[in-house]
Amino acid sequence: MMEKGLRSKEKGGGARPLHTTGRTSSRMNAAEKAAVLAAMGEHPLPKILPPLVELELGIGNGEALAARAKADPARFFIGSDVYLNGLAQAARFARGLPNAALTNADARDLLASLPAASVQRVVVPHPDPWPKASHHKRRLVQPEFLAACARVLQPGGELWVVTDWPDYAFQTLALLHRHPQLQLQQTREAAARCKVKPGGAGTQPLGPHRLAQPPAWWVPTKYQQKALALGRAPWFVGAVRTAC
(Lines give C-alpha, C1' and ligand atoms only; values in the text may rest on other atoms or scores of the structure.)
Protein backbone atom coordinates (compact mmCIF):
# COMPACT_ATOMS: atom_id res chain seq x y z
CA MET A 1 0.00 0.00 0.00
CA MET A 2 1.36 3.43 -0.94
CA GLU A 3 0.56 6.69 0.76
CA LYS A 4 -2.17 9.03 -0.36
CA GLY A 5 -0.67 12.10 -1.95
CA LEU A 6 2.31 10.14 -3.32
CA ARG A 7 0.54 8.74 -6.37
CA SER A 8 0.32 9.84 -9.98
CA LYS A 9 -2.06 8.70 -12.70
CA GLU A 10 -1.10 6.06 -15.20
CA LYS A 11 -2.70 5.48 -18.59
CA GLY A 12 -5.92 3.60 -18.13
CA GLY A 13 -6.90 5.35 -14.90
CA GLY A 14 -4.57 3.42 -12.55
CA ALA A 15 -2.17 4.95 -10.08
CA ARG A 16 1.50 4.53 -9.37
CA PRO A 17 3.66 5.98 -6.61
CA LEU A 18 5.42 9.22 -7.42
CA HIS A 19 9.16 8.92 -7.85
CA THR A 20 11.03 10.50 -4.96
CA THR A 21 14.48 9.91 -6.47
CA GLY A 22 15.80 11.09 -9.79
CA ARG A 23 17.41 7.85 -10.98
CA THR A 24 17.45 4.11 -10.35
CA SER A 25 20.45 3.00 -12.46
CA SER A 26 22.75 4.22 -15.20
CA ARG A 27 24.63 2.35 -17.94
CA MET A 28 23.85 -1.03 -16.45
CA ASN A 29 22.72 -3.97 -18.56
CA ALA A 30 20.61 -6.91 -17.38
CA ALA A 31 23.65 -9.04 -16.48
CA GLU A 32 25.18 -6.22 -14.44
CA LYS A 33 21.91 -5.64 -12.62
CA ALA A 34 21.72 -9.35 -11.83
CA ALA A 35 25.27 -9.23 -10.46
CA VAL A 36 24.36 -6.35 -8.15
CA LEU A 37 21.31 -8.18 -6.84
CA ALA A 38 23.43 -11.30 -6.28
CA ALA A 39 26.00 -9.28 -4.30
CA MET A 40 23.20 -7.78 -2.24
CA GLY A 41 21.99 -11.32 -1.56
CA GLU A 42 25.05 -11.74 0.64
CA HIS A 43 23.47 -9.17 2.97
CA PRO A 44 19.81 -10.26 3.27
CA LEU A 45 17.20 -8.75 5.53
CA PRO A 46 16.79 -10.96 8.61
CA LYS A 47 13.50 -12.77 9.00
CA ILE A 48 13.39 -11.68 12.65
CA LEU A 49 14.82 -8.25 13.39
CA PRO A 50 17.27 -7.91 16.29
CA PRO A 51 16.34 -5.48 19.08
CA LEU A 52 18.70 -2.67 17.99
CA VAL A 53 18.08 -1.77 14.34
CA GLU A 54 19.14 1.30 12.41
CA LEU A 55 17.38 1.88 9.09
CA GLU A 56 19.03 4.14 6.53
CA LEU A 57 16.83 5.20 3.61
CA GLY A 58 18.97 6.30 0.68
CA ILE A 59 22.50 5.08 1.38
CA GLY A 60 24.33 6.44 -1.66
CA ASN A 61 27.48 4.35 -2.08
CA GLY A 62 27.03 2.80 1.38
CA GLU A 63 30.47 3.76 2.69
CA ALA A 64 29.13 5.77 5.63
CA LEU A 65 26.69 3.02 6.62
CA ALA A 66 29.50 0.43 6.51
CA ALA A 67 31.70 2.66 8.67
CA ARG A 68 28.95 2.99 11.29
CA ALA A 69 28.34 -0.77 11.20
CA LYS A 70 32.02 -1.43 11.85
CA ALA A 71 32.08 1.07 14.71
CA ASP A 72 28.92 -0.29 16.36
CA PRO A 73 28.79 -4.10 16.03
CA ALA A 74 25.97 -4.39 18.59
CA ARG A 75 23.61 -2.55 16.23
CA PHE A 76 22.09 -4.04 13.06
CA PHE A 77 22.09 -1.74 10.04
CA ILE A 78 19.64 -1.95 7.14
CA GLY A 79 20.47 0.14 4.09
CA SER A 80 17.91 0.84 1.38
CA ASP A 81 18.35 2.54 -1.98
CA VAL A 82 16.72 2.25 -5.41
CA TYR A 83 19.92 3.35 -7.22
CA LEU A 84 21.56 0.08 -8.25
CA ASN A 85 24.94 1.60 -9.10
CA GLY A 86 25.27 2.87 -5.55
CA LEU A 87 24.18 -0.48 -4.15
CA ALA A 88 26.93 -2.18 -6.16
CA GLN A 89 29.47 -0.09 -4.24
CA ALA A 90 27.59 -0.57 -0.98
CA ALA A 91 27.81 -4.34 -1.32
CA ARG A 92 31.58 -4.05 -1.56
CA PHE A 93 31.85 -1.79 1.48
CA ALA A 94 29.55 -4.10 3.48
CA ARG A 95 31.45 -7.27 2.58
CA GLY A 96 32.30 -9.23 5.73
CA LEU A 97 29.98 -7.22 7.97
CA PRO A 98 27.52 -9.56 9.74
CA ASN A 99 25.46 -6.64 11.07
CA ALA A 100 24.55 -5.06 7.71
CA ALA A 101 21.73 -5.79 5.26
CA LEU A 102 21.01 -4.18 1.89
CA THR A 103 17.83 -3.83 -0.13
CA ASN A 104 16.76 -1.94 -3.24
CA ALA A 105 13.20 -1.56 -1.98
CA ASP A 106 11.52 1.82 -2.21
CA ALA A 107 11.79 3.44 1.23
CA ARG A 108 8.01 3.68 1.54
CA ASP A 109 7.51 0.01 0.68
CA LEU A 110 10.24 -1.03 3.10
CA LEU A 111 8.67 0.94 5.95
CA ALA A 112 5.28 -0.62 5.21
CA SER A 113 6.80 -4.12 5.34
CA LEU A 114 8.49 -3.78 8.75
CA PRO A 115 6.76 -4.65 12.03
CA ALA A 116 5.54 -1.85 14.27
CA ALA A 117 8.02 -0.62 16.91
CA SER A 118 10.83 -2.69 15.38
CA VAL A 119 13.44 0.00 14.61
CA GLN A 120 15.50 2.09 17.00
CA ARG A 121 16.73 4.70 14.51
CA VAL A 122 15.67 5.86 11.03
CA VAL A 123 18.15 7.95 9.06
CA VAL A 124 17.28 9.85 5.87
CA PRO A 125 20.57 11.28 4.56
CA HIS A 126 20.32 13.95 1.88
CA PRO A 127 17.06 12.95 0.18
CA ASP A 128 16.64 14.27 -3.37
CA PRO A 129 15.75 17.95 -2.85
CA TRP A 130 13.37 18.49 -5.80
CA PRO A 131 14.01 22.24 -5.51
CA LYS A 132 11.26 23.46 -7.87
CA ALA A 133 8.06 24.27 -5.98
CA SER A 134 6.03 22.27 -8.51
CA HIS A 135 8.15 19.21 -7.66
CA HIS A 136 7.92 19.45 -3.85
CA LYS A 137 5.22 16.77 -3.94
CA ARG A 138 7.99 14.34 -4.95
CA ARG A 139 9.99 14.94 -1.80
CA LEU A 140 10.25 11.86 0.36
CA VAL A 141 9.55 13.63 3.64
CA GLN A 142 5.77 14.07 3.66
CA PRO A 143 3.14 13.61 6.40
CA GLU A 144 2.46 10.04 5.25
CA PHE A 145 6.17 9.20 5.30
CA LEU A 146 6.57 10.55 8.83
CA ALA A 147 3.56 8.52 9.95
CA ALA A 148 5.21 5.40 8.52
CA CYS A 149 8.45 6.22 10.35
CA ALA A 150 6.58 6.75 13.62
CA ARG A 151 4.88 3.37 13.20
CA VAL A 152 8.13 1.40 12.88
CA LEU A 153 10.07 3.34 15.53
CA GLN A 154 10.28 2.02 19.08
CA PRO A 155 9.29 4.46 21.85
CA GLY A 156 12.33 6.64 22.35
CA GLY A 157 13.60 5.75 18.87
CA GLU A 158 15.14 8.46 16.68
CA LEU A 159 14.39 9.90 13.27
CA TRP A 160 17.09 11.97 11.55
CA VAL A 161 16.67 13.90 8.31
CA VAL A 162 19.91 15.39 6.94
CA THR A 163 19.74 17.90 4.11
CA ASP A 164 21.85 20.71 2.66
CA TRP A 165 18.76 22.44 1.22
CA PRO A 166 17.42 24.98 3.75
CA ASP A 167 13.85 24.96 2.43
CA TYR A 168 13.77 21.14 2.76
CA ALA A 169 14.92 21.56 6.36
CA PHE A 170 12.17 24.16 6.94
CA GLN A 171 9.58 21.79 5.47
CA THR A 172 10.79 18.95 7.71
CA LEU A 173 10.78 21.18 10.79
CA ALA A 174 7.27 22.37 10.03
CA LEU A 175 5.96 18.82 9.65
CA LEU A 176 7.70 17.54 12.78
CA HIS A 177 6.71 20.58 14.83
CA ARG A 178 3.08 19.52 14.71
CA HIS A 179 3.52 15.73 14.56
CA PRO A 180 1.74 14.02 17.49
CA GLN A 181 4.25 11.14 17.85
CA LEU A 182 7.58 12.63 16.79
CA GLN A 183 9.07 15.30 19.04
CA LEU A 184 11.84 17.53 17.73
CA GLN A 185 15.07 16.98 19.64
CA GLN A 186 17.02 20.16 19.10
CA THR A 187 14.38 22.89 18.96
CA ARG A 188 10.76 23.48 19.78
CA GLU A 189 10.60 26.57 17.64
CA ALA A 190 8.18 26.70 14.74
CA ALA A 191 9.79 26.37 11.31
CA ALA A 192 9.16 30.04 10.45
CA ARG A 193 11.26 31.11 13.46
CA CYS A 194 14.12 28.84 12.37
CA LYS A 195 14.74 30.71 9.14
CA VAL A 196 17.89 32.77 8.71
CA LYS A 197 17.64 36.38 9.86
CA PRO A 198 19.81 38.88 7.96
CA GLY A 199 22.56 40.92 9.60
CA GLY A 200 24.18 40.78 12.99
CA ALA A 201 27.55 39.48 14.04
CA GLY A 202 27.69 35.78 14.77
CA THR A 203 24.52 34.99 12.83
CA GLN A 204 24.23 31.25 12.28
CA PRO A 205 23.93 30.69 8.51
CA LEU A 206 21.87 27.56 9.06
CA GLY A 207 19.42 28.82 11.65
CA PRO A 208 19.51 27.40 15.21
CA HIS A 209 23.05 26.44 16.13
CA ARG A 210 22.10 22.93 17.22
CA LEU A 211 20.64 22.06 13.82
CA ALA A 212 24.09 22.54 12.29
CA GLN A 213 25.68 20.00 14.64
CA PRO A 214 25.73 16.30 13.67
CA PRO A 215 24.94 13.61 16.24
CA ALA A 216 27.98 11.90 17.76
CA TRP A 217 27.53 8.72 15.68
CA TRP A 218 27.27 10.49 12.32
CA VAL A 219 29.78 9.67 9.56
CA PRO A 220 30.00 12.25 6.72
CA THR A 221 28.77 10.91 3.41
CA LYS A 222 30.37 11.32 -0.01
CA TYR A 223 27.47 13.55 -1.04
CA GLN A 224 27.93 15.70 2.07
CA GLN A 225 31.60 16.23 1.26
CA LYS A 226 30.68 17.36 -2.26
CA ALA A 227 28.02 19.72 -0.91
CA LEU A 228 30.46 21.25 1.59
CA ALA A 229 32.95 21.86 -1.24
CA LEU A 230 30.19 23.85 -2.96
CA GLY A 231 29.48 25.85 0.20
CA ARG A 232 26.30 24.00 1.20
CA ALA A 233 26.48 22.88 4.84
CA PRO A 234 24.03 20.27 6.14
CA TRP A 235 21.13 20.58 8.54
CA PHE A 236 20.61 17.72 11.02
CA VAL A 237 16.94 17.58 11.97
CA GLY A 238 16.24 14.99 14.67
CA ALA A 239 13.06 13.81 16.37
CA VAL A 240 12.25 11.22 19.04
CA ARG A 241 9.32 8.81 18.97
CA THR A 242 7.12 9.54 21.95
CA ALA A 243 5.61 6.79 24.11
CA CYS A 244 2.03 7.60 23.16
# chains A, B, ... in the order shown; residues from 1 in each chain; ligands from 1
call {"tool": "residues_around", "arguments": {"residues": "Val161 in chain A", "least_positions_apart": "6", "cutoff": "12 Å", "atoms": "only C-alpha atoms", "output": "VMD selection string"}}
result
chain A and resid 56 to 58 121 to 129 140 to 142 145 to 146 149 168 to 173 175 to 176 184 to 185 211 214 to 215 218 234 to 240
call {"tool": "select_by_dssp", "arguments": {"residues": "range 16-107 of chain A", "states": "helix (DSSP H, G or I)", "output": "PyMOL selection string"}}
result
chain A and resi 30-40+63-71+84-93+107
call {"tool": "residues_around", "arguments": {"residues": "range 227-230 of chain A", "least_positions_apart": "6", "cutoff": "10 Å", "atoms": "only C-alpha atoms", "output": "ChimeraX atom specification"}}
result
/A:163-165,221
call {"tool": "select_by_dssp", "arguments": {"residues": "range 74-210 of chain A", "states": "strand (DSSP E)", "output": "MDAnalysis selection string"}}
result
chainID A and resid 76:80 100:103 119:125 153:163 182:184
call {"tool": "write_last_selection", "arguments": {"atoms": "N, CA and C atoms", "output": "PDB file, in the first residue's frame"}}
result
ATOM      1  N   PHE A  76      22.292  -3.475  14.385  1.00  0.00           N
ATOM      2  CA  PHE A  76      22.094  -4.045  13.057  1.00  0.00           C
ATOM      3  C   PHE A  76      21.647  -2.934  12.111  1.00  0.00           C
ATOM      4  N   PHE A  77      22.321  -2.831  10.979  1.00  0.00           N
ATOM      5  CA  PHE A  77      22.089  -1.742  10.041  1.00  0.00           C
ATOM      6  C   PHE A  77      21.421  -2.270   8.778  1.00  0.00           C
ATOM      7  N   ILE A  78      20.332  -1.627   8.384  1.00  0.00           N
ATOM      8  CA  ILE A  78      19.642  -1.954   7.139  1.00  0.00           C
ATOM      9  C   ILE A  78      19.744  -0.739   6.229  1.00  0.00           C
ATOM     10  N   GLY A  79      20.326  -0.938   5.056  1.00  0.00           N
ATOM     11  CA  GLY A  79      20.469   0.144   4.091  1.00  0.00           C
ATOM     12  C   GLY A  79      19.591  -0.081   2.879  1.00  0.00           C
ATOM     13  N   SER A  80      18.841   0.939   2.505  1.00  0.00           N
ATOM     14  CA  SER A  80      17.912   0.836   1.381  1.00  0.00           C
ATOM     15  C   SER A  80      18.212   1.927   0.363  1.00  0.00           C
ATOM     16  N   ALA A 100      25.020  -5.973   8.760  1.00  0.00           N
ATOM     17  CA  ALA A 100      24.549  -5.059   7.714  1.00  0.00           C
ATOM     18  C   ALA A 100      23.718  -5.821   6.698  1.00  0.00           C
ATOM     19  N   ALA A 101      22.593  -5.236   6.302  1.00  0.00           N
ATOM     20  CA  ALA A 101      21.731  -5.792   5.264  1.00  0.00           C
ATOM     21  C   ALA A 101      21.448  -4.709   4.229  1.00  0.00           C
ATOM     22  N   LEU A 102      21.255  -5.121   2.975  1.00  0.00           N
ATOM     23  CA  LEU A 102      21.014  -4.175   1.888  1.00  0.00           C
ATOM     24  C   LEU A 102      19.766  -4.579   1.123  1.00  0.00           C
ATOM     25  N   THR A 103      19.020  -3.580   0.667  1.00  0.00           N
ATOM     26  CA  THR A 103      17.828  -3.831  -0.131  1.00  0.00           C
ATOM     27  C   THR A 103      17.633  -2.686  -1.110  1.00  0.00           C
ATOM     28  N   VAL A 119      12.218  -0.706  15.009  1.00  0.00           N
ATOM     29  CA  VAL A 119      13.437   0.000  14.615  1.00  0.00           C
ATOM     30  C   VAL A 119      13.785   1.031  15.683  1.00  0.00           C
ATOM     31  N   GLN A 120      15.063   1.134  15.986  1.00  0.00           N
ATOM     32  CA  GLN A 120      15.495   2.094  17.003  1.00  0.00           C
ATOM     33  C   GLN A 120      15.883   3.442  16.397  1.00  0.00           C
ATOM     34  N   ARG A 121      16.317   3.435  15.141  1.00  0.00           N
ATOM     35  CA  ARG A 121      16.725   4.699  14.506  1.00  0.00           C
ATOM     36  C   ARG A 121      16.447   4.632  13.015  1.00  0.00           C
ATOM     37  N   VAL A 122      15.860   5.700  12.474  1.00  0.00           N
ATOM     38  CA  VAL A 122      15.670   5.862  11.031  1.00  0.00           C
ATOM     39  C   VAL A 122      16.483   7.073  10.594  1.00  0.00           C
ATOM     40  N   VAL A 123      17.306   6.884   9.567  1.00  0.00           N
ATOM     41  CA  VAL A 123      18.153   7.955   9.059  1.00  0.00           C
ATOM     42  C   VAL A 123      17.811   8.203   7.593  1.00  0.00           C
ATOM     43  N   VAL A 124      17.569   9.466   7.254  1.00  0.00           N
ATOM     44  CA  VAL A 124      17.279   9.853   5.871  1.00  0.00           C
ATOM     45  C   VAL A 124      18.353  10.852   5.448  1.00  0.00           C
ATOM     46  N   PRO A 125      19.471  10.370   4.891  1.00  0.00           N
ATOM     47  CA  PRO A 125      20.573  11.276   4.560  1.00  0.00           C
ATOM     48  C   PRO A 125      20.437  11.892   3.170  1.00  0.00           C
ATOM     49  N   LEU A 153       9.122   2.968  14.480  1.00  0.00           N
ATOM     50  CA  LEU A 153      10.067   3.340  15.532  1.00  0.00           C
ATOM     51  C   LEU A 153       9.599   2.850  16.897  1.00  0.00           C
ATOM     52  N   GLN A 154      10.547   2.372  17.685  1.00  0.00           N
ATOM     53  CA  GLN A 154      10.276   2.023  19.075  1.00  0.00           C
ATOM     54  C   GLN A 154      10.096   3.315  19.881  1.00  0.00           C
ATOM     55  N   PRO A 155       9.351   3.282  20.986  1.00  0.00           N
ATOM     56  CA  PRO A 155       9.289   4.459  21.851  1.00  0.00           C
ATOM     57  C   PRO A 155      10.699   4.879  22.263  1.00  0.00           C
ATOM     58  N   GLY A 156      10.996   6.144  22.089  1.00  0.00           N
ATOM     59  CA  GLY A 156      12.333   6.638  22.346  1.00  0.00           C
ATOM     60  C   GLY A 156      13.268   6.522  21.162  1.00  0.00           C
ATOM     61  N   GLY A 157      12.794   5.873  20.075  1.00  0.00           N
ATOM     62  CA  GLY A 157      13.604   5.755  18.867  1.00  0.00           C
ATOM     63  C   GLY A 157      13.771   7.104  18.178  1.00  0.00           C
ATOM     64  N   GLU A 158      14.768   7.186  17.302  1.00  0.00           N
ATOM     65  CA  GLU A 158      15.144   8.461  16.684  1.00  0.00           C
ATOM     66  C   GLU A 158      14.867   8.469  15.186  1.00  0.00           C
ATOM     67  N   LEU A 159      14.462   9.631  14.698  1.00  0.00           N
ATOM     68  CA  LEU A 159      14.393   9.901  13.270  1.00  0.00           C
ATOM     69  C   LEU A 159      15.321  11.069  12.972  1.00  0.00           C
ATOM     70  N   TRP A 160      16.180  10.895  11.973  1.00  0.00           N
ATOM     71  CA  TRP A 160      17.086  11.969  11.554  1.00  0.00           C
ATOM     72  C   TRP A 160      16.936  12.210  10.066  1.00  0.00           C
ATOM     73  N   VAL A 161      16.695  13.465   9.697  1.00  0.00           N
ATOM     74  CA  VAL A 161      16.671  13.897   8.305  1.00  0.00           C
ATOM     75  C   VAL A 161      17.827  14.872   8.114  1.00  0.00           C
ATOM     76  N   VAL A 162      18.731  14.552   7.195  1.00  0.00           N
ATOM     77  CA  VAL A 162      19.906  15.386   6.942  1.00  0.00           C
ATOM     78  C   VAL A 162      19.788  15.951   5.535  1.00  0.00           C
ATOM     79  N   THR A 163      19.882  17.274   5.414  1.00  0.00           N
ATOM     80  CA  THR A 163      19.745  17.904   4.107  1.00  0.00           C
ATOM     81  C   THR A 163      20.586  19.165   4.046  1.00  0.00           C
ATOM     82  N   LEU A 182       6.167  12.374  17.007  1.00  0.00           N
ATOM     83  CA  LEU A 182       7.584  12.633  16.786  1.00  0.00           C
ATOM     84  C   LEU A 182       7.923  14.007  17.339  1.00  0.00           C
ATOM     85  N   GLN A 183       8.737  14.045  18.364  1.00  0.00           N
ATOM     86  CA  GLN A 183       9.068  15.299  19.041  1.00  0.00           C
ATOM     87  C   GLN A 183      10.457  15.760  18.622  1.00  0.00           C
ATOM     88  N   LEU A 184      10.546  16.977  18.137  1.00  0.00           N
ATOM     89  CA  LEU A 184      11.836  17.533  17.730  1.00  0.00           C
ATOM     90  C   LEU A 184      12.820  17.495  18.890  1.00  0.00           C
TER      91      LEU A 184
END
call {"tool": "closest_residue", "arguments": {"among": "A:His43, A:Ala67, A:Pro143, A:Leu97", "to": "His177 in chain A", "atoms": "only C-alpha atoms"}}
result
A:Pro143
